[in-house]
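Shown next: final.tsv, given as TSV, C-alpha atoms.
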```tsv
chain	number	residue	atom	x	y	z
A	1	MET	CA	-4.98	-5.39	32.76
A	2	GLY	CA	-5.31	-3.25	29.66
A	3	VAL	CA	-3.16	-3.45	26.54
A	4	ASP	CA	-2.88	-0.61	24.02
A	5	PRO	CA	-1.18	-2.60	21.25
A	6	GLY	CA	1.68	-1.35	19.09
A	7	LEU	CA	5.06	-2.53	17.84
A	8	THR	CA	7.06	0.60	18.71
A	9	ARG	CA	5.25	1.23	22.00
A	10	CYS	CA	2.83	-1.31	23.50
A	11	GLY	CA	1.08	0.32	26.47
A	12	LEU	CA	0.34	-1.86	29.52
A	13	GLY	CA	-1.68	-0.83	32.54
A	14	ALA	CA	-3.14	-2.73	35.48
A	15	VAL	CA	-5.96	-1.39	37.66
A	16	GLU	CA	-7.66	-2.90	40.70
A	17	GLY	CA	-11.24	-2.09	41.59
A	18	ARG	CA	-14.94	-2.63	41.06
A	19	PRO	CA	-17.72	-0.31	39.91
A	20	GLY	CA	-18.93	2.15	42.56
A	21	ALA	CA	-15.69	1.94	44.57
A	22	PRO	CA	-12.44	3.87	44.16
A	23	LEU	CA	-10.05	2.37	41.60
A	24	SER	CA	-6.34	1.97	42.25
A	25	LEU	CA	-3.27	1.80	40.05
A	26	VAL	CA	-1.38	-1.50	40.18
A	27	ALA	CA	1.21	-0.92	37.45
A	28	VAL	CA	1.73	1.09	34.30
A	29	GLY	CA	4.39	0.98	31.58
A	30	VAL	CA	5.31	0.38	27.98
A	31	VAL	CA	7.05	-2.41	26.09
A	32	ARG	CA	9.19	-0.89	23.34
A	33	THR	CA	10.80	-2.48	20.29
A	34	GLY	CA	13.12	-0.81	17.79
A	35	ALA	CA	11.86	0.21	14.35
A	36	ASP	CA	15.23	-1.07	13.02
A	37	GLU	CA	14.65	-4.61	14.36
A	38	ASP	CA	13.09	-7.18	12.04
A	39	LEU	CA	9.43	-8.13	12.57
A	40	GLY	CA	10.27	-11.48	14.17
A	41	ALA	CA	12.52	-9.91	16.82
A	42	ARG	CA	9.88	-7.24	17.55
A	43	LEU	CA	7.10	-9.80	18.04
A	44	VAL	CA	9.35	-11.91	20.29
A	45	GLY	CA	10.10	-8.75	22.32
A	46	ILE	CA	6.39	-7.89	22.66
A	47	GLU	CA	5.59	-11.45	23.75
A	48	ALA	CA	8.39	-11.47	26.35
A	49	GLY	CA	7.27	-8.10	27.75
A	50	ILE	CA	3.62	-9.14	28.05
A	51	GLU	CA	4.56	-12.49	29.59
A	52	ARG	CA	6.68	-10.70	32.21
A	53	TRP	CA	3.72	-8.46	33.05
A	54	LEU	CA	1.29	-11.38	33.30
A	55	ASP	CA	3.73	-13.18	35.62
A	56	GLU	CA	4.06	-10.18	37.92
A	57	VAL	CA	0.58	-8.62	37.80
A	58	ARG	CA	-1.44	-11.88	37.70
A	59	PRO	CA	-4.55	-10.12	36.33
A	60	ASP	CA	-8.10	-11.55	36.51
A	61	ALA	CA	-8.79	-10.50	32.93
A	62	VAL	CA	-7.06	-8.83	29.97
A	63	ALA	CA	-8.65	-6.09	27.84
A	64	VAL	CA	-7.08	-5.34	24.46
A	65	GLU	CA	-7.94	-2.45	22.15
A	66	ARG	CA	-9.79	-3.70	19.07
A	67	VAL	CA	-7.83	-2.70	15.96
A	68	PHE	CA	-9.62	-1.46	12.86
A	69	SER	CA	-8.20	-1.51	9.37
A	70	GLN	CA	-9.51	2.00	8.62
A	71	HIS	CA	-6.71	3.40	10.81
A	72	ASN	CA	-3.21	4.39	9.65
A	73	VAL	CA	-2.58	1.80	6.93
A	74	ARG	CA	1.20	1.95	7.34
A	75	THR	CA	1.17	0.76	10.96
A	76	VAL	CA	-2.14	-1.10	11.28
A	77	MET	CA	-0.68	-4.54	10.44
A	78	GLY	CA	1.95	-4.28	13.18
A	79	THR	CA	-0.69	-3.02	15.63
A	80	ALA	CA	-2.98	-5.95	14.76
A	81	GLN	CA	-0.09	-8.38	15.25
A	82	ALA	CA	0.86	-6.89	18.65
A	83	ALA	CA	-2.83	-7.11	19.66
A	84	GLY	CA	-2.93	-10.74	18.49
A	85	ILE	CA	0.08	-11.59	20.65
A	86	ALA	CA	-1.52	-9.97	23.72
A	87	VAL	CA	-4.71	-12.02	23.11
A	88	LEU	CA	-2.60	-15.18	22.57
A	89	CYS	CA	-0.59	-14.70	25.80
A	90	ALA	CA	-3.75	-14.18	27.87
A	91	ALA	CA	-5.70	-17.04	26.25
A	92	ARG	CA	-2.76	-19.45	26.72
A	93	ARG	CA	-3.12	-18.85	30.48
A	94	GLY	CA	-6.88	-19.34	30.36
A	95	LEU	CA	-7.52	-15.67	31.24
A	96	PRO	CA	-10.73	-14.05	29.96
A	97	VAL	CA	-9.92	-11.67	27.08
A	98	ALA	CA	-12.11	-8.75	26.03
A	99	LEU	CA	-11.72	-6.45	23.04
A	100	HIS	CA	-12.98	-2.87	23.40
A	101	THR	CA	-13.08	-0.33	20.59
A	102	PRO	CA	-11.41	3.07	21.08
A	103	SER	CA	-14.83	4.78	21.17
A	104	GLU	CA	-16.14	2.34	23.78
A	105	VAL	CA	-13.14	3.20	25.95
A	106	LYS	CA	-13.54	6.95	25.41
A	107	ALA	CA	-17.26	6.81	26.16
A	108	ALA	CA	-16.75	4.73	29.31
A	109	ILE	CA	-14.02	7.02	30.69
A	110	THR	CA	-15.12	10.50	29.63
A	111	GLY	CA	-18.79	10.08	28.65
A	112	SER	CA	-17.91	11.02	25.07
A	113	GLY	CA	-16.93	8.60	22.31
A	114	THR	CA	-14.95	11.34	20.57
A	115	ALA	CA	-12.76	12.50	23.52
A	116	ASP	CA	-9.12	13.25	22.67
A	117	LYS	CA	-5.97	11.73	24.20
A	118	LYS	CA	-5.57	14.63	26.64
A	119	GLN	CA	-9.12	14.22	28.02
A	120	ILE	CA	-8.56	10.46	28.41
A	121	GLY	CA	-5.27	11.09	30.23
A	122	ALA	CA	-6.85	13.70	32.52
A	123	MET	CA	-9.76	11.40	33.49
A	124	VAL	CA	-7.43	8.42	34.09
A	125	THR	CA	-5.29	10.64	36.33
A	126	ARG	CA	-8.34	11.76	38.30
A	127	LEU	CA	-9.97	8.30	38.55
A	128	LEU	CA	-6.75	6.71	39.84
A	129	ARG	CA	-5.95	9.76	42.06
A	130	LEU	CA	-2.47	10.13	40.55
A	131	ALA	CA	-0.16	13.08	41.13
A	132	GLU	CA	0.47	13.43	37.38
A	133	MET	CA	-0.74	12.12	34.03
A	134	PRO	CA	0.79	8.73	33.08
A	135	LYS	CA	3.13	9.04	30.08
A	136	PRO	CA	3.44	8.19	27.23
A	137	ALA	CA	-0.17	8.36	25.98
A	138	ASP	CA	-0.04	4.61	25.21
A	139	ALA	CA	0.42	3.90	28.94
A	140	ALA	CA	-2.55	6.13	29.86
A	141	ASP	CA	-4.63	4.46	27.13
A	142	ALA	CA	-3.83	1.03	28.56
A	143	LEU	CA	-5.09	2.18	31.99
A	144	ALA	CA	-8.23	3.59	30.33
A	145	LEU	CA	-8.83	0.17	28.74
A	146	ALA	CA	-8.46	-1.56	32.11
A	147	ILE	CA	-10.92	0.88	33.75
A	148	CYS	CA	-13.36	0.56	30.84
A	149	HIS	CA	-13.21	-3.22	31.25
A	150	ILE	CA	-13.93	-3.12	34.98
A	151	TRP	CA	-16.97	-0.90	34.38
A	152	ARG	CA	-18.31	-2.52	31.21
A	153	GLY	CA	-17.69	-6.01	32.55
A	154	ALA	CA	-19.73	-5.14	35.64
A	155	ALA	CA	-22.55	-3.68	33.52
A	156	GLN	CA	-22.62	-6.81	31.36
A	157	HIS	CA	-22.56	-8.97	34.49
A	158	ARG	CA	-25.52	-7.04	36.01
A	159	LEU	CA	-27.44	-7.41	32.73
A	160	ALA	CA	-26.81	-11.16	32.70
A	161	GLU	CA	-27.95	-11.39	36.34
A	162	ALA	CA	-31.10	-9.37	35.64
A	163	LEU	CA	-31.93	-11.61	32.69
A	164	ALA	CA	-31.36	-14.69	34.84
A	165	ARG	CA	-33.75	-13.31	37.52
A	166	ALA	CA	-36.45	-12.29	35.02
A	167	PRO	CA	-39.50	-14.61	34.82
A	168	ARG	CA	-39.09	-17.03	31.93
A	169	ARG	CA	-41.68	-16.69	29.21
A	170	ASN	CA	-42.79	-19.94	27.77
A	171	PRO	CA	-43.82	-19.39	24.13
A	172	ALA	CA	-46.15	-22.44	24.35
A	173	GLN	CA	-48.39	-20.77	26.97
B	1	MET	CA	8.33	-24.05	5.04
B	2	GLY	CA	5.64	-21.72	3.71
B	3	VAL	CA	2.69	-20.33	5.67
B	4	ASP	CA	-0.44	-18.96	3.98
B	5	PRO	CA	-1.93	-17.28	7.07
B	6	GLY	CA	-5.59	-17.34	8.04
B	7	LEU	CA	-7.75	-17.97	11.10
B	8	THR	CA	-10.24	-20.35	9.49
B	9	ARG	CA	-7.63	-22.14	7.36
B	10	CYS	CA	-3.90	-21.56	7.81
B	11	GLY	CA	-2.08	-23.32	4.95
B	12	LEU	CA	1.27	-24.97	5.73
B	13	GLY	CA	3.64	-26.51	3.21
B	14	ALA	CA	7.21	-27.74	3.37
B	15	VAL	CA	9.43	-28.21	0.32
B	16	GLU	CA	13.00	-29.46	0.02
B	17	GLY	CA	15.27	-28.35	-2.78
B	18	ARG	CA	17.57	-25.81	-4.31
B	19	PRO	CA	17.37	-23.77	-7.49
B	20	GLY	CA	18.23	-25.70	-10.67
B	21	ALA	CA	17.46	-29.08	-9.08
B	22	PRO	CA	14.12	-30.89	-8.77
B	23	LEU	CA	12.05	-29.87	-5.74
B	24	SER	CA	10.33	-32.37	-3.48
B	25	LEU	CA	7.30	-32.24	-1.23
B	26	VAL	CA	8.02	-32.77	2.47
B	27	ALA	CA	4.57	-32.09	3.95
B	28	VAL	CA	1.40	-30.17	3.21
B	29	GLY	CA	-1.69	-29.42	5.27
B	30	VAL	CA	-3.93	-26.89	6.95
B	31	VAL	CA	-4.50	-25.78	10.55
B	32	ARG	CA	-8.19	-25.00	10.99
B	33	THR	CA	-10.01	-23.12	13.75
B	34	GLY	CA	-13.76	-22.68	14.15
B	35	ALA	CA	-15.44	-19.38	13.29
B	36	ASP	CA	-17.58	-19.94	16.43
B	37	GLU	CA	-14.52	-20.04	18.74
B	38	ASP	CA	-13.38	-16.82	20.40
B	39	LEU	CA	-10.29	-15.05	19.05
B	40	GLY	CA	-8.06	-16.21	21.93
B	41	ALA	CA	-8.89	-19.88	21.40
B	42	ARG	CA	-8.33	-19.52	17.65
B	43	LEU	CA	-4.90	-17.91	18.07
B	44	VAL	CA	-3.89	-20.58	20.61
B	45	GLY	CA	-4.98	-23.23	18.07
B	46	ILE	CA	-2.95	-21.62	15.27
B	47	GLU	CA	0.12	-21.40	17.51
B	48	ALA	CA	-0.19	-25.06	18.58
B	49	GLY	CA	-0.58	-26.20	14.96
B	50	ILE	CA	2.44	-24.23	13.73
B	51	GLU	CA	4.56	-25.39	16.68
B	52	ARG	CA	3.70	-29.03	15.89
B	53	TRP	CA	4.77	-28.49	12.27
B	54	LEU	CA	8.03	-26.80	13.27
B	55	ASP	CA	8.79	-29.71	15.63
B	56	GLU	CA	8.19	-32.31	12.93
B	57	VAL	CA	9.43	-30.58	9.78
B	58	ARG	CA	12.45	-28.79	11.33
B	59	PRO	CA	12.65	-26.27	8.44
B	60	ASP	CA	15.76	-24.20	7.61
B	61	ALA	CA	13.63	-21.09	7.06
B	62	VAL	CA	9.99	-19.96	7.21
B	63	ALA	CA	8.30	-17.87	4.52
B	64	VAL	CA	5.04	-16.12	5.41
B	65	GLU	CA	2.70	-14.30	3.04
B	66	ARG	CA	2.85	-10.55	3.59
B	67	VAL	CA	-0.65	-9.29	4.45
B	68	PHE	CA	-1.90	-5.99	3.06
B	69	SER	CA	-4.70	-3.94	4.57
B	70	GLN	CA	-6.22	-3.25	1.14
B	71	HIS	CA	-7.53	-6.83	1.11
B	72	ASN	CA	-10.89	-8.02	2.46
B	73	VAL	CA	-11.37	-5.67	5.43
B	74	ARG	CA	-13.61	-8.12	7.29
B	75	THR	CA	-10.94	-10.83	7.55
B	76	VAL	CA	-7.67	-8.91	7.20
B	77	MET	CA	-7.12	-8.40	10.97
B	78	GLY	CA	-7.41	-12.13	11.68
B	79	THR	CA	-5.11	-12.89	8.74
B	80	ALA	CA	-2.54	-10.38	10.02
B	81	GLN	CA	-2.73	-11.93	13.49
B	82	ALA	CA	-2.27	-15.48	12.16
B	83	ALA	CA	0.72	-14.23	10.12
B	84	GLY	CA	2.15	-12.55	13.23
B	85	ILE	CA	1.93	-15.81	15.17
B	86	ALA	CA	3.71	-17.72	12.39
B	87	VAL	CA	6.51	-15.08	12.41
B	88	LEU	CA	6.64	-15.23	16.24
B	89	CYS	CA	6.91	-19.04	16.34
B	90	ALA	CA	9.72	-19.08	13.78
B	91	ALA	CA	11.64	-16.15	15.34
B	92	ARG	CA	11.39	-17.71	18.83
B	93	ARG	CA	13.37	-20.69	17.44
B	94	GLY	CA	15.92	-18.42	15.78
B	95	LEU	CA	14.78	-19.46	12.27
B	96	PRO	CA	15.18	-16.96	9.44
B	97	VAL	CA	11.77	-15.50	8.50
B	98	ALA	CA	10.94	-13.99	5.11
B	99	LEU	CA	7.78	-12.21	4.03
B	100	HIS	CA	6.78	-12.46	0.36
B	101	THR	CA	3.88	-10.61	-1.23
B	102	PRO	CA	1.22	-12.56	-3.17
B	103	SER	CA	2.47	-11.05	-6.45
B	104	GLU	CA	6.08	-12.00	-5.70
B	105	VAL	CA	4.92	-15.59	-5.15
B	106	LYS	CA	2.79	-15.62	-8.31
B	107	ALA	CA	5.62	-14.14	-10.40
B	108	ALA	CA	8.18	-16.62	-9.02
B	109	ILE	CA	5.97	-19.67	-9.64
B	110	THR	CA	4.16	-18.85	-12.89
B	111	GLY	CA	6.14	-15.95	-14.36
B	112	SER	CA	3.08	-13.68	-13.97
B	113	GLY	CA	2.27	-11.54	-10.92
B	114	THR	CA	-1.44	-11.74	-11.75
B	115	ALA	CA	-1.80	-15.55	-12.03
B	116	ASP	CA	-4.97	-17.01	-10.49
B	117	LYS	CA	-5.24	-19.70	-7.79
B	118	LYS	CA	-5.76	-22.44	-10.41
B	119	GLN	CA	-2.57	-21.54	-12.28
B	120	ILE	CA	-0.61	-21.47	-9.00
B	121	GLY	CA	-2.03	-24.87	-8.02
B	122	ALA	CA	-1.21	-26.35	-11.44
B	123	MET	CA	2.40	-25.10	-11.36
B	124	VAL	CA	2.94	-26.32	-7.78
B	125	THR	CA	1.59	-29.75	-8.82
B	126	ARG	CA	3.96	-29.87	-11.79
B	127	LEU	CA	7.04	-28.53	-9.94
B	128	LEU	CA	6.63	-31.07	-7.11
B	129	ARG	CA	5.67	-33.87	-9.57
B	130	LEU	CA	2.46	-34.64	-7.65
B	131	ALA	CA	-0.31	-36.94	-8.89
B	132	GLU	CA	-2.94	-34.31	-8.12
B	133	MET	CA	-3.32	-30.67	-7.07
B	134	PRO	CA	-2.92	-30.09	-3.29
B	135	LYS	CA	-6.20	-28.99	-1.68
B	136	PRO	CA	-7.50	-26.71	-0.29
B	137	ALA	CA	-6.04	-23.72	-2.17
B	138	ASP	CA	-4.45	-22.47	1.10
B	139	ALA	CA	-2.29	-25.62	1.20
B	140	ALA	CA	-1.18	-25.14	-2.42
B	141	ASP	CA	-0.45	-21.45	-1.68
B	142	ALA	CA	1.75	-22.43	1.27
B	143	LEU	CA	3.77	-24.74	-1.02
B	144	ALA	CA	4.04	-21.92	-3.58
B	145	LEU	CA	5.44	-19.66	-0.82
B	146	ALA	CA	8.02	-22.30	0.13
B	147	ILE	CA	9.11	-22.72	-3.52
B	148	CYS	CA	9.22	-18.94	-4.04
B	149	HIS	CA	11.43	-18.66	-0.98
B	150	ILE	CA	13.88	-21.33	-2.17
B	151	TRP	CA	14.23	-19.58	-5.55
B	152	ARG	CA	14.21	-15.96	-4.35
B	153	GLY	CA	16.51	-16.74	-1.44
B	154	ALA	CA	19.00	-18.30	-3.85
B	155	ALA	CA	18.83	-15.30	-6.19
B	156	GLN	CA	19.43	-12.94	-3.27
B	157	HIS	CA	22.30	-15.17	-2.08
B	158	ARG	CA	23.93	-15.12	-5.57
B	159	LEU	CA	23.58	-11.34	-5.68
B	160	ALA	CA	25.24	-10.99	-2.27
B	161	GLU	CA	28.05	-13.33	-3.39
B	162	ALA	CA	28.59	-11.40	-6.63
B	163	LEU	CA	28.76	-8.14	-4.71
B	164	ALA	CA	31.26	-9.69	-2.27
B	165	ARG	CA	33.47	-10.84	-5.21
B	166	ALA	CA	33.28	-7.49	-7.03
B	167	PRO	CA	36.42	-5.30	-6.74
B	168	ARG	CA	36.02	-2.77	-3.94
B	169	ARG	CA	36.05	0.82	-5.01
B	170	ASN	CA	37.89	3.07	-2.65
B	171	PRO	CA	36.34	6.52	-2.87
B	172	ALA	CA	39.64	8.05	-1.67
B	173	GLN	CA	41.60	6.84	-4.76
```
Please express what this file holds, its structure, as structure tokens.
Amino acid sequence: MGVDPGLTRCGLGAVEGRPGAPLSLVAVGVVRTGADEDLGARLVGIEAGIERWLDEVRPDAVAVERVFSQHNVRTVMGTAQAAGIAVLCAARRGLPVALHTPSEVKAAITGSGTADKKQIGAMVTRLLRLAEMPKPADAADALALAICHIWRGAAQHRLAEALARAPRRNPAQ
Amino acid sequence: MGVDPGLTRCGLGAVEGRPGAPLSLVAVGVVRTGADEDLGARLVGIEAGIERWLDEVRPDAVAVERVFSQHNVRTVMGTAQAAGIAVLCAARRGLPVALHTPSEVKAAITGSGTADKKQIGAMVTRLLRLAEMPKPADAADALALAICHIWRGAAQHRLAEALARAPRRNPAQ
């Protein structure tokens, strides 16, 4: 399950699959909170929405976009707090949590770390064999995160396996 | 109850009182998480620590330091996430939550928005009639937030009352 964090729109997307096999869409959507609500009410709303998703989707792992402070200074604190709540909800259930940067996601999905939102949306649509592009962009981004996690997780797993199989070098010899 | 948010040290301090009367210390301490733990485990630890405090202290209101992105870029995301969890925990219980900036706290406690940590600690020690300065600085800062909230809240309350008493002007007359 991927989470594209935000206070106004928090994108959520769940994908089933493994590398080298077709991926399939499990669920996609957005949790919204009102800009006129106070911060406490918004964070409670985000938590409730994510908890509902975790209850229904029962994911094996949760991937959250890593937030950088260089981004839009006006909204970055709320984005970081929404991301923190997603990480908290997953960790409370003992689920593995991964953070991927936007460029890691773009590179995994499109082959280019500088792809734009439209390219991401188009590739997500094609990879999941959907009739149309998931909207809003936050929902498509959450699916991209989930796909990135399936692929990167597998690559990291293969690397760990290869290292485990490699002959151990004993520095004393 | 005041919260000076942080992942490594989250300062917590509870103060009882009202403006114009002596203040008294209820509790002071720090929730710590290890820099070697993953983000999920740290956020779960912060949440558990704050929940334990809310259960024991039963505060009327929670004041959290407002985090700005101009601060130390390396730690600001974790600080924002710890602050978000404090706001979430309080809001989930229906407690009023206030955010005060560091300069609002400094100005309320010392009369100067540019006071240093030592001046804050000294004033907190004097205002609460303590034998020695609360340590670490995060704990003293949390008490300063709680005191600032008692005083600022009262000022805002008096202003609201004065406005309510003021004769209504009817624009039609």
Exercise for the section: Rank A:Val67, A:Ala162, A:Ile120, A:Val97 by their smallest atom-to-atom distance to Asp38 in chain B, using all atoms listed in the file, and report the top residue only. Expected result: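 Smallest separation from Asp38 in chain B among the options: A:Val97.
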Exercise for the section: Considering all atoms listed in the file, return as a PyMOL selection string whatever protein or nucleic-acid residues lie within 9 Å of Val87 in chain B, sequence-local ones (same chain, fewer than 5 positions apart) excluded. Expected result: (chain A and resi 39-40+43-44) or (chain B and resi 62-64+82+92+97-99)
Problem - Residues of chain A within 9 Å of chain B, counting only C-alpha atoms, as JSON, numbers by chain - result: {"A": [39, 40, 41, 42, 43, 44, 47, 67, 68, 69, 70, 73, 74, 76, 77, 78, 80, 81, 82, 83, 84, 85, 87, 88, 89, 90, 91, 92, 96, 97]}
Problem - Test item: residues at most 10 Å from range 144-147 of chain A, all atoms listed in the file, excluding those fewer than 2 positions along its chain, as a PyMOL selection string - result: chain A and resi 1-4+12-19+23-25+61-65+98-102+104-106+108-110+120-121+123-125+127-128+138-142+149-153
Problem - For CA of Arg9 in chain B and CA of Thr33 in chain B, the interatomic separation in Å (one decimal) - result: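 Separation of CA of Arg9 in chain B and CA of Thr33 in chain B: 6.9 Å.
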Practice task
For CA of Thr8 in chain A and CA of Ala35 in chain A, quote the distance in Å rounded to one decimal.
Solution key: 6.5 Å
Practice task
Find the distance between CA of Asp55 in chain B and CA of Leu143 in chain B and write it in Å to one decimal.
Solution key: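 For CA of Asp55 in chain B relative to CA of Leu143 in chain B, the distance reads 18.1 Å.
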